[in-house]
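Quick notes on the structure that follows.
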Amino acid sequence: MFKKITHWYGTLLSWLLVASVAILIIPVSLQIFSRYTALIPSYIWTEEMARVLFIWSIMLGAMVGIREGTHFVVDLWPAMNARAQAALRLVSAVFVLGFAMVFLWWGIDFTRFAFGRISELAEMPLWIIHVAWPLAGATWILFQGEHMWNDLRTLLGNAAGGRR
C-alpha cells in the first residue's frame, strides 16, 4: 500500500514538474518579445511569475530526483555486491535525510515568515513560493525513507529488498 502511495505521489510530482516547466515558457517568452519588439507592452508580472515557476520547477525536480534515486548520486565506488551497495546507500541516505530535515525545519520558519505578506507586483501571497522548501524536505524524507527501508531489507538478506 505504501509503495502505491509513493508511486502515485511521485507520478503526480513528475506531471507537476512537466506542467511548471511548460507554463514557465509563457512568461519568459513574453519577457523576451516585450524587450525586443514594440508589438506587446512590457509586462512586469512576467518576471515574478517566471521566478515562482522557476523555484517550483527546481524543487519539484529535486523531489522527483530523490524518488528516482538520481538526485544525489556520485558513482565513485567500484562494482560491489548488492549488500555492500545497500550499506553504502544507507550511509549516504543519512546525509540526504540531514539535508531534508534542514529543508523541513527551517522551511517551516521560512514559510511562517511569508504568511501575511504579498508579492509586490502580482500581489500573490508569498507563502505560495516559500512552502516549496518544507514540502521538498518532507517529500525527501518520505522517498528516502522508502529507499532506506528497501536497502535495509537487502542488507539484512531479504531477497525482496533492493533499491528500485
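Following the order of the C-alpha cells, chains are lettered A, B, ..., residues in each are numbered from 1, and ligands are numbered from 1.
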
Excluding same-chain residues fewer than 2 positions from segment 117-131 of chain A, what lies within 8 Å of it counting only C-alpha atoms, as a VMD selection string?
-> chain A and resid 44 to 45 48 52 55 to 56 107 to 108 110 to 112 114 to 115 133 to 135

Keeping only C-alpha atoms, take the residues you just selected and write them out as a compact mmCIF listing (two decimals), in the first residue's frame.
# COMPACT_ATOMS: atom_id res chain seq x y z
CA ILE A 44 6.13 43.43 -15.26
CA TRP A 45 4.23 40.46 -13.79
CA GLU A 48 7.57 37.49 -10.94
CA VAL A 52 7.84 31.49 -8.96
CA ILE A 55 11.60 27.96 -7.98
CA TRP A 56 8.83 25.38 -8.08
CA GLY A 107 11.47 25.75 5.59
CA ILE A 108 8.59 25.87 8.06
CA PHE A 110 10.67 30.40 6.12
CA THR A 111 7.02 29.81 5.24
CA ARG A 112 5.76 31.29 8.52
CA ALA A 114 5.87 34.71 4.44
CA PHE A 115 2.37 34.46 5.91
CA TRP A 133 11.04 24.29 0.85
CA PRO A 134 9.29 22.40 3.66
CA LEU A 135 7.30 20.40 1.10

DSSP says helix (DSSP H, G or I) for which residues of segment 102-160 of chain A? Put them as a PyMOL selection string?
-> chain A and resi 102-114+127-130+132-155

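If you count only C-alpha atoms and ignore residues fewer than 5 places along the chain from segment 22-32 of chain A, what sits within 6 Å of it is Thr46, Ala50 and Leu53 of chain A.
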
List the neighbours of Ile5 of chain A out to 12 Å using only C-alpha atoms; skip same-chain residues closer than 6 positions along the sequence, and give me the result as a ChimeraX atom specification.
-> /A:11-12,142-143,146
